[in-house]
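The file entry_15.cif contains mmCIF, C-alpha atoms and all ligand atoms:
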data_my_file
loop_
_atom_site.label_atom_id
_atom_site.label_comp_id
_atom_site.auth_asym_id
_atom_site.auth_seq_id
_atom_site.Cartn_x
_atom_site.Cartn_y
_atom_site.Cartn_z
CA MET U 1 -13.91 2.25 19.71
CA THR U 2 -10.20 2.57 20.53
CA ILE U 3 -7.63 3.93 18.13
CA GLU U 4 -4.09 2.99 19.07
CA THR U 5 -0.74 4.52 18.25
CA PRO U 6 1.53 1.70 17.11
CA SER U 7 4.38 1.11 19.53
CA SER U 8 7.74 2.51 18.48
CA ALA U 9 9.37 -0.78 19.44
CA ARG U 10 7.12 -2.80 17.11
CA LEU U 11 7.60 -0.36 14.21
CA SER U 12 11.37 -0.44 14.71
CA CYS U 13 11.30 -4.21 14.83
CA ALA U 14 9.36 -4.36 11.54
CA LEU U 15 11.85 -2.05 9.79
CA SER U 16 14.79 -4.02 11.20
CA ASP U 17 13.18 -7.19 9.85
CA LEU U 18 12.79 -5.55 6.44
CA ARG U 19 16.38 -4.37 6.29
CA ALA U 20 17.67 -7.75 7.53
CA THR U 21 15.76 -9.86 5.00
CA ARG U 22 15.58 -7.52 1.99
CA PRO U 23 12.54 -9.40 0.69
CA LEU U 24 11.80 -10.04 -2.94
CA VAL U 25 8.57 -8.26 -3.89
CA HIS U 26 6.66 -9.36 -6.96
CA CYS U 27 4.86 -6.30 -8.34
CA LEU U 28 1.95 -6.44 -10.76
CA THR U 29 1.23 -2.75 -10.86
CA ASN U 30 0.00 -0.06 -13.21
CA GLU U 31 1.74 1.50 -16.20
CA VAL U 32 2.23 4.87 -14.47
CA VAL U 33 4.10 3.98 -11.29
CA GLN U 34 6.50 1.16 -12.19
CA GLU U 35 9.64 3.22 -11.60
CA ILE U 36 8.68 4.96 -8.36
CA THR U 37 7.49 1.60 -7.04
CA ALA U 38 10.82 -0.10 -7.79
CA ASN U 39 12.81 2.83 -6.40
CA VAL U 40 10.74 3.06 -3.19
CA LEU U 41 11.28 -0.65 -2.55
CA LEU U 42 15.01 -0.48 -3.26
CA ALA U 43 15.56 2.60 -1.10
CA ALA U 44 13.53 1.24 1.82
CA GLY U 45 15.35 -2.10 1.79
CA ALA U 46 13.56 -4.58 -0.49
CA SER U 47 14.11 -6.13 -3.94
CA PRO U 48 11.45 -5.35 -6.55
CA ALA U 49 10.68 -7.50 -9.57
CA MET U 50 7.98 -6.66 -12.10
CA VAL U 51 7.20 -10.11 -13.53
CA VAL U 52 4.04 -9.63 -15.56
CA ALA U 53 3.70 -12.34 -18.22
CA GLU U 54 0.83 -14.72 -17.61
CA GLU U 55 3.22 -17.58 -18.39
CA GLU U 56 5.58 -16.78 -15.46
CA ALA U 57 3.61 -14.74 -12.91
CA GLY U 58 2.30 -17.81 -11.07
CA THR U 59 5.74 -19.41 -10.79
CA PHE U 60 7.36 -16.19 -9.66
CA ALA U 61 4.74 -15.48 -6.97
CA ARG U 62 5.70 -18.79 -5.35
CA ILE U 63 9.34 -17.63 -5.20
CA ALA U 64 8.70 -14.06 -4.02
CA GLY U 65 8.40 -13.02 -0.37
CA GLY U 66 5.40 -10.77 -1.02
CA ILE U 67 3.18 -9.86 -3.96
CA LEU U 68 1.47 -6.62 -4.99
CA VAL U 69 -1.64 -6.53 -7.16
CA ASN U 70 -2.46 -2.93 -8.15
CA MET U 71 -5.59 -2.12 -10.18
CA GLY U 72 -4.42 1.20 -11.63
CA THR U 73 -4.46 0.28 -15.31
CA PRO U 74 -6.12 -3.13 -15.59
CA PHE U 75 -6.52 -4.89 -18.94
CA PRO U 76 -7.40 -8.50 -19.73
CA GLU U 77 -3.89 -9.86 -20.27
CA ARG U 78 -2.55 -8.24 -17.07
CA LEU U 79 -5.56 -9.53 -15.14
CA ARG U 80 -4.81 -13.08 -16.29
CA ALA U 81 -1.27 -12.68 -14.93
CA MET U 82 -2.63 -11.24 -11.67
CA ARG U 83 -4.96 -14.21 -11.24
CA LYS U 84 -2.03 -16.60 -11.75
CA ALA U 85 0.10 -14.62 -9.27
CA VAL U 86 -2.61 -14.68 -6.61
CA GLU U 87 -3.13 -18.41 -7.14
CA GLY U 88 0.62 -18.93 -6.70
CA ALA U 89 0.72 -16.71 -3.62
CA ARG U 90 -2.18 -18.54 -2.02
CA GLU U 91 -0.72 -21.98 -2.74
CA ALA U 92 2.72 -21.00 -1.41
CA GLY U 93 1.31 -19.14 1.60
CA ARG U 94 2.82 -15.81 0.55
CA PRO U 95 1.25 -12.51 1.68
CA TRP U 96 -0.24 -10.44 -1.14
CA VAL U 97 -1.55 -6.89 -1.09
CA LEU U 98 -4.41 -5.45 -3.13
CA ASP U 99 -4.41 -1.77 -4.17
CA PRO U 100 -7.95 -1.06 -5.42
CA VAL U 101 -7.11 2.01 -7.51
CA ALA U 102 -10.15 4.13 -8.47
CA ALA U 103 -12.64 1.71 -6.90
CA GLY U 104 -16.18 3.02 -7.13
CA GLY U 105 -15.86 4.83 -10.44
CA ILE U 106 -16.28 2.28 -13.22
CA PRO U 107 -18.52 -0.81 -13.12
CA TRP U 108 -16.11 -3.10 -15.02
CA ARG U 109 -13.19 -2.19 -12.76
CA ASP U 110 -15.38 -2.56 -9.68
CA GLY U 111 -16.28 -6.09 -10.72
CA VAL U 112 -12.61 -6.97 -11.17
CA ILE U 113 -11.66 -5.44 -7.81
CA ARG U 114 -14.49 -7.34 -6.07
CA GLU U 115 -13.19 -10.58 -7.56
CA PHE U 116 -9.74 -9.95 -6.04
CA VAL U 117 -11.13 -8.85 -2.65
CA GLU U 118 -12.86 -12.23 -2.42
CA LEU U 119 -9.47 -13.94 -2.91
CA LYS U 120 -8.47 -12.70 0.56
CA PRO U 121 -5.45 -10.42 0.27
CA ALA U 122 -3.40 -10.10 3.46
CA VAL U 123 -3.83 -6.33 3.19
CA ILE U 124 -6.01 -3.97 1.16
CA ARG U 125 -4.40 -0.48 0.95
CA GLY U 126 -6.33 2.37 -0.62
CA ASN U 127 -7.24 6.00 -0.30
CA ALA U 128 -10.43 7.08 1.46
CA SER U 129 -12.69 7.16 -1.62
CA GLU U 130 -11.52 3.69 -2.65
CA ILE U 131 -12.10 2.15 0.79
CA LEU U 132 -15.52 3.82 1.11
CA ALA U 133 -16.50 2.38 -2.29
CA LEU U 134 -15.28 -1.13 -1.41
CA ALA U 135 -17.31 -1.03 1.79
CA GLY U 136 -20.41 -0.04 -0.20
CA ALA U 137 -20.45 3.44 1.33
CA GLY U 138 -19.37 5.65 -1.57
CA THR U 139 -19.18 6.02 -5.32
CA GLY U 140 -15.48 6.65 -5.80
CA GLY U 141 -13.26 9.70 -5.94
CA LYS U 142 -11.93 11.91 -8.71
CA GLY U 143 -10.41 9.18 -10.86
CA VAL U 144 -7.44 7.83 -8.92
CA ASP U 145 -7.53 10.66 -6.33
CA SER U 146 -9.56 10.68 -3.15
CA THR U 147 -12.31 13.23 -2.57
CA ALA U 148 -12.84 12.11 1.02
CA ASP U 149 -10.81 12.34 4.22
CA SER U 150 -9.36 9.17 5.67
CA SER U 151 -11.20 9.83 8.95
CA ASP U 152 -14.49 9.63 7.01
CA ALA U 153 -13.49 6.15 5.80
CA LEU U 154 -12.44 4.75 9.17
CA GLU U 155 -15.70 2.92 9.86
CA ALA U 156 -15.77 1.66 6.28
CA ALA U 157 -12.23 0.34 6.71
CA ARG U 158 -13.18 -1.46 9.91
CA ALA U 159 -16.29 -2.97 8.33
CA LEU U 160 -14.36 -4.07 5.24
CA ALA U 161 -11.67 -5.71 7.39
CA ALA U 162 -14.25 -7.46 9.55
CA ARG U 163 -16.14 -8.75 6.49
CA THR U 164 -13.13 -9.90 4.46
CA GLY U 165 -10.54 -10.95 7.05
CA SER U 166 -8.00 -8.72 5.30
CA VAL U 167 -6.11 -5.99 7.13
CA VAL U 168 -7.30 -2.67 5.65
CA ALA U 169 -5.07 0.42 5.42
CA VAL U 170 -6.81 3.66 4.46
CA THR U 171 -4.37 6.48 3.80
CA GLY U 172 -4.67 10.25 3.84
CA ALA U 173 -3.86 13.05 6.27
CA VAL U 174 -3.95 10.29 8.89
CA ASP U 175 -3.36 6.68 7.88
CA TYR U 176 -5.56 4.10 9.63
CA VAL U 177 -4.66 0.42 9.66
CA THR U 178 -7.23 -2.03 10.99
CA ASP U 179 -7.98 -5.73 11.21
CA GLY U 180 -11.57 -4.97 12.19
CA THR U 181 -10.79 -5.27 15.89
CA ARG U 182 -7.62 -3.28 16.50
CA THR U 183 -7.02 0.03 14.72
CA PHE U 184 -3.76 1.96 14.48
CA ALA U 185 -3.53 5.62 13.49
CA ILE U 186 -0.34 6.93 11.90
CA THR U 187 -0.16 10.71 11.81
CA GLY U 188 2.17 13.23 10.19
CA GLY U 189 3.61 13.08 6.71
CA ASP U 190 3.04 15.95 4.31
CA PRO U 191 0.30 16.81 1.78
CA MET U 192 2.98 17.26 -0.90
CA ALA U 193 3.05 13.46 -1.07
CA THR U 194 -0.24 13.69 -2.99
CA LEU U 195 1.45 15.75 -5.74
CA VAL U 196 3.89 12.99 -6.67
CA VAL U 197 2.25 10.21 -8.67
CA GLY U 198 2.46 6.78 -7.10
CA THR U 199 3.18 7.59 -3.47
CA GLY U 200 0.10 5.55 -2.59
CA CYS U 201 0.76 2.80 -5.14
CA SER U 202 4.36 2.44 -4.01
CA LEU U 203 3.22 2.45 -0.38
CA SER U 204 1.12 -0.62 -1.21
CA ALA U 205 4.28 -2.29 -2.55
CA LEU U 206 6.05 -1.31 0.67
CA VAL U 207 3.23 -2.95 2.64
CA ALA U 208 3.88 -6.17 0.68
CA ALA U 209 7.60 -5.88 1.50
CA PHE U 210 6.93 -5.41 5.23
CA CYS U 211 4.45 -8.30 5.22
CA ALA U 212 7.11 -10.52 3.64
CA ALA U 213 9.65 -9.60 6.32
CA HIS U 214 7.46 -9.32 9.41
CA PRO U 215 4.86 -11.97 10.24
CA ASN U 216 2.11 -9.73 11.71
CA ALA U 217 0.23 -8.08 8.80
CA LEU U 218 -1.36 -5.39 11.01
CA GLU U 219 2.04 -4.30 12.34
CA ALA U 220 3.66 -4.68 8.92
CA ALA U 221 1.11 -2.39 7.26
CA ALA U 222 1.41 0.15 10.10
CA ALA U 223 5.21 0.14 9.78
CA ALA U 224 5.01 0.74 6.02
CA CYS U 225 2.67 3.69 6.59
CA ALA U 226 4.90 5.05 9.36
CA LEU U 227 8.01 4.82 7.19
CA ALA U 228 6.24 6.66 4.34
CA LYS U 229 4.99 9.39 6.68
CA ARG U 230 8.39 9.91 8.32
CA ALA U 231 10.07 9.98 4.90
CA ALA U 232 7.59 12.59 3.64
CA GLU U 233 8.37 14.79 6.66
CA VAL U 234 12.12 14.54 6.05
CA ALA U 235 11.62 15.20 2.33
CA ARG U 236 9.45 18.25 2.94
CA ARG U 237 12.20 19.86 5.04
CA LYS U 238 14.50 19.60 2.00
CA ALA U 239 12.10 20.33 -0.87
CA ASP U 240 9.43 22.92 -1.56
CA ALA U 241 8.04 21.56 -4.84
CA PRO U 242 6.97 18.09 -6.08
CA GLY U 243 9.94 17.22 -8.32
CA SER U 244 12.59 17.72 -5.66
CA PHE U 245 10.22 16.25 -3.04
CA HIS U 246 10.12 13.03 -5.08
CA VAL U 247 13.91 12.72 -5.00
CA ALA U 248 14.14 13.68 -1.32
CA TYR U 249 11.40 11.15 -0.46
CA ILE U 250 13.38 8.28 -2.03
CA ASP U 251 16.51 9.47 -0.20
CA ALA U 252 14.67 9.61 3.12
CA LEU U 253 13.31 6.06 2.73
CA TYR U 254 16.95 5.00 2.46
CA THR U 255 18.33 7.03 5.38
CA ILE U 256 15.63 6.58 8.04
CA ARG U 257 16.83 4.13 10.70
CA PRO U 258 14.58 1.65 12.57
CA GLU U 259 14.88 3.56 15.86
CA GLU U 260 13.52 6.71 14.15
CA LEU U 261 10.25 5.06 13.17
CA GLY U 262 8.27 5.69 16.38
CA ALA U 263 5.06 7.62 15.83
N1 LIG U 301 -3.41 15.39 3.48
C1 LIG U 301 -2.31 14.64 3.64
N2 LIG U 301 -1.38 14.99 4.53
C2 LIG U 301 -0.27 14.24 4.72
N3 LIG U 301 -0.01 13.08 4.04
C3 LIG U 301 -0.93 12.67 3.15
C4 LIG U 301 -2.13 13.42 2.89
N4 LIG U 301 -2.85 12.75 1.96
C5 LIG U 301 -2.15 11.64 1.65
N5 LIG U 301 -1.00 11.58 2.37
C6 LIG U 301 0.04 10.55 2.29
O1 LIG U 301 0.34 10.33 0.92
C7 LIG U 301 0.67 8.97 0.70
C8 LIG U 301 -0.24 8.42 -0.41
O2 LIG U 301 -1.54 8.31 0.11
P1 LIG U 301 -2.84 8.59 -0.77
O3 LIG U 301 -4.01 8.35 0.13
O4 LIG U 301 -2.73 9.91 -1.46
O5 LIG U 301 -2.73 7.39 -1.81
P2 LIG U 301 -3.33 7.22 -3.28
O6 LIG U 301 -4.45 8.17 -3.50
O7 LIG U 301 -3.61 5.79 -3.45
O8 LIG U 301 -2.07 7.63 -4.16
P3 LIG U 301 -1.68 7.25 -5.68
O9 LIG U 301 -2.86 6.55 -6.27
O10 LIG U 301 -1.34 8.54 -6.36
O11 LIG U 301 -0.50 6.35 -5.62
C9 LIG U 301 0.51 8.26 2.04
O12 LIG U 301 1.79 8.14 2.65
C10 LIG U 301 -0.38 9.20 2.86
O13 LIG U 301 -0.16 9.11 4.24
C1 LIG U 302 -2.56 8.48 -12.71
C2 LIG U 302 -2.93 7.05 -12.73
N1 LIG U 302 -3.83 6.57 -13.63
C3 LIG U 302 -4.05 5.27 -13.51
S1 LIG U 302 -3.14 4.55 -12.28
C4 LIG U 302 -2.41 6.05 -11.90
C5 LIG U 302 -1.38 6.18 -10.84
C6 LIG U 302 -1.92 6.65 -9.54
O1 LIG U 302 -2.76 5.77 -8.92
MG MG U 303 -4.06 4.85 -5.21
#

Would you mind writing the file out in structure tokens?
Ligand SMILES: Nc1ncnc2c1ncn2[C@@H]1O[C@H](COP(=O)(O)OP(=O)(O)OP(=O)(O)O)[C@@H](O)[C@H]1O
Ligand SMILES: Cc1ncsc1CCO
Ligand SMILES: [Mg+2]
Amino acid sequence: MTIETPSSARLSCALSDLRATRPLVHCLTNEVVQEITANVLLAAGASPAMVVAEEEAGTFARIAGGILVNMGTPFPERLRAMRKAVEGAREAGRPWVLDPVAAGGIPWRDGVIREFVELKPAVIRGNASEILALAGAGTGGKGVDSTADSSDALEAARALAARTGSVVAVTGAVDYVTDGTRTFAITGGDPMATLVVGTGCSLSALVAAFCAAHPNALEAAAAACALAKRAAEVARRKADAPGSFHVAYIDALYTIRPEELGA
């Protein structure tokens, strides 16, 4: 089993592609993280749009460059819009990303998440407890938070990617991104990122943005993780508590240049 460090040149290329195309990202996300998600996308170099009505989600997914489906606060009407968006994304050949928030904890939610996994997202991005649960190797974390280390979910991530054909990104102290054959590790960042709500959810949106701009989903997901980790490091040098870290994190996503993205 080989774990690779993504090449600086490929990460830089992915961020250059993002900044050059400023892709439109269609976000169907939870009620908690709408604003951080939009601000993360804007700062990093993408255009967010939260188009959530069942009547327009399918049409808009065909127009967008990438689509995010986040299971943080699912309810029947939102799920109907998500199904329409995924149908539109699949028909138009657009990459879409699944964030399986709190997988493993609640049977109804698990059934819904399974349904979306079977629809073949380009990337599944979750924390360690969520990826363990999706792979059938765990029973979920503490609500939306992980109780496992990402290294403990590495094999689960690989197995899930191999079974589904989706790229799987499992985040934590180290982020691992795998297509079941190749696996990248992205190190660094800062634990304070876990004290700001939505750093993971907005990272999933960033993965959708990179996938829209850069054709290789494995590299795109790795670049999104690398940008988030570098931004957290920059933010932590400027902030020693979560509120100011949040602001500094958004600022860093804006200021980091492609050539700084090497791991
Ligand atoms: N121990 C840690 N040290 C450094 N960075 C971390 C650590 N844990 C998580 N991160 C980083 O925090 C960000 C969010 O990842 P996390 O796994 O916490 O997502 P999540 O649980 O889905 O978050 P949320 O649901 O609150 O949006 C990622 O950039 C990840 O690399
Ligand atoms: C706190 C919370 N509850 C449902 S979704 C969410 C955001 C982090 O995933
Ligand atoms: Mg999450």

So that I can check the surroundings of range 207-210 of chain U, please list as a count of residues only every protein, DNA and RNA residue that reaches within 9 Å of it, counting only C-alpha atoms and ignoring chain neighbours fewer than 4 positions away. 36

One residue among U:Arg78, U:Arg236, U:Arg163, U:Arg257 is nearest to ligand LIG 301 (chain U) when using all atoms listed in the file, and that residue is U:Arg236

Near Ala162 in chain U, within 12 Å and counting all atoms listed in the file, which residues show up once chain neighbours fewer than 5 positions away are dropped, as an MDAnalysis selection string? chainID U and resid 120 135 155:157 167:168 178:183

Using C-alpha atoms, can you write the selected residues to a file as a PDB file, in the frame of the given file?
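Output below, filename part_35.pdb:
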ATOM      1  CA  LYS U 120      -8.470 -12.700   0.560  1.00  0.00           C
ATOM      2  CA  ALA U 135     -17.310  -1.030   1.790  1.00  0.00           C
ATOM      3  CA  GLU U 155     -15.700   2.920   9.860  1.00  0.00           C
ATOM      4  CA  ALA U 156     -15.770   1.660   6.280  1.00  0.00           C
ATOM      5  CA  ALA U 157     -12.230   0.340   6.710  1.00  0.00           C
ATOM      6  CA  VAL U 167      -6.110  -5.990   7.130  1.00  0.00           C
ATOM      7  CA  VAL U 168      -7.300  -2.670   5.650  1.00  0.00           C
ATOM      8  CA  THR U 178      -7.230  -2.030  10.990  1.00  0.00           C
ATOM      9  CA  ASP U 179      -7.980  -5.730  11.210  1.00  0.00           C
ATOM     10  CA  GLY U 180     -11.570  -4.970  12.190  1.00  0.00           C
ATOM     11  CA  THR U 181     -10.790  -5.270  15.890  1.00  0.00           C
ATOM     12  CA  ARG U 182      -7.620  -3.280  16.500  1.00  0.00           C
ATOM     13  CA  THR U 183      -7.020   0.030  14.720  1.00  0.00           C
TER      14      THR U 183
END

Write out as a PyMOL selection string each polymer residue (protein, DNA or RNA) that has an atom no more than 9 Å from ligand LIG 301 (chain U), with all atoms listed in the file counted. chain U and resi 33+72+99-102+125-130+144-146+149-150+170-175+186-204+224-233

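Rounded to one decimal, CA of Ser7 in chain U and CA of Glu259 in chain U lie 11.4 Å from each other.
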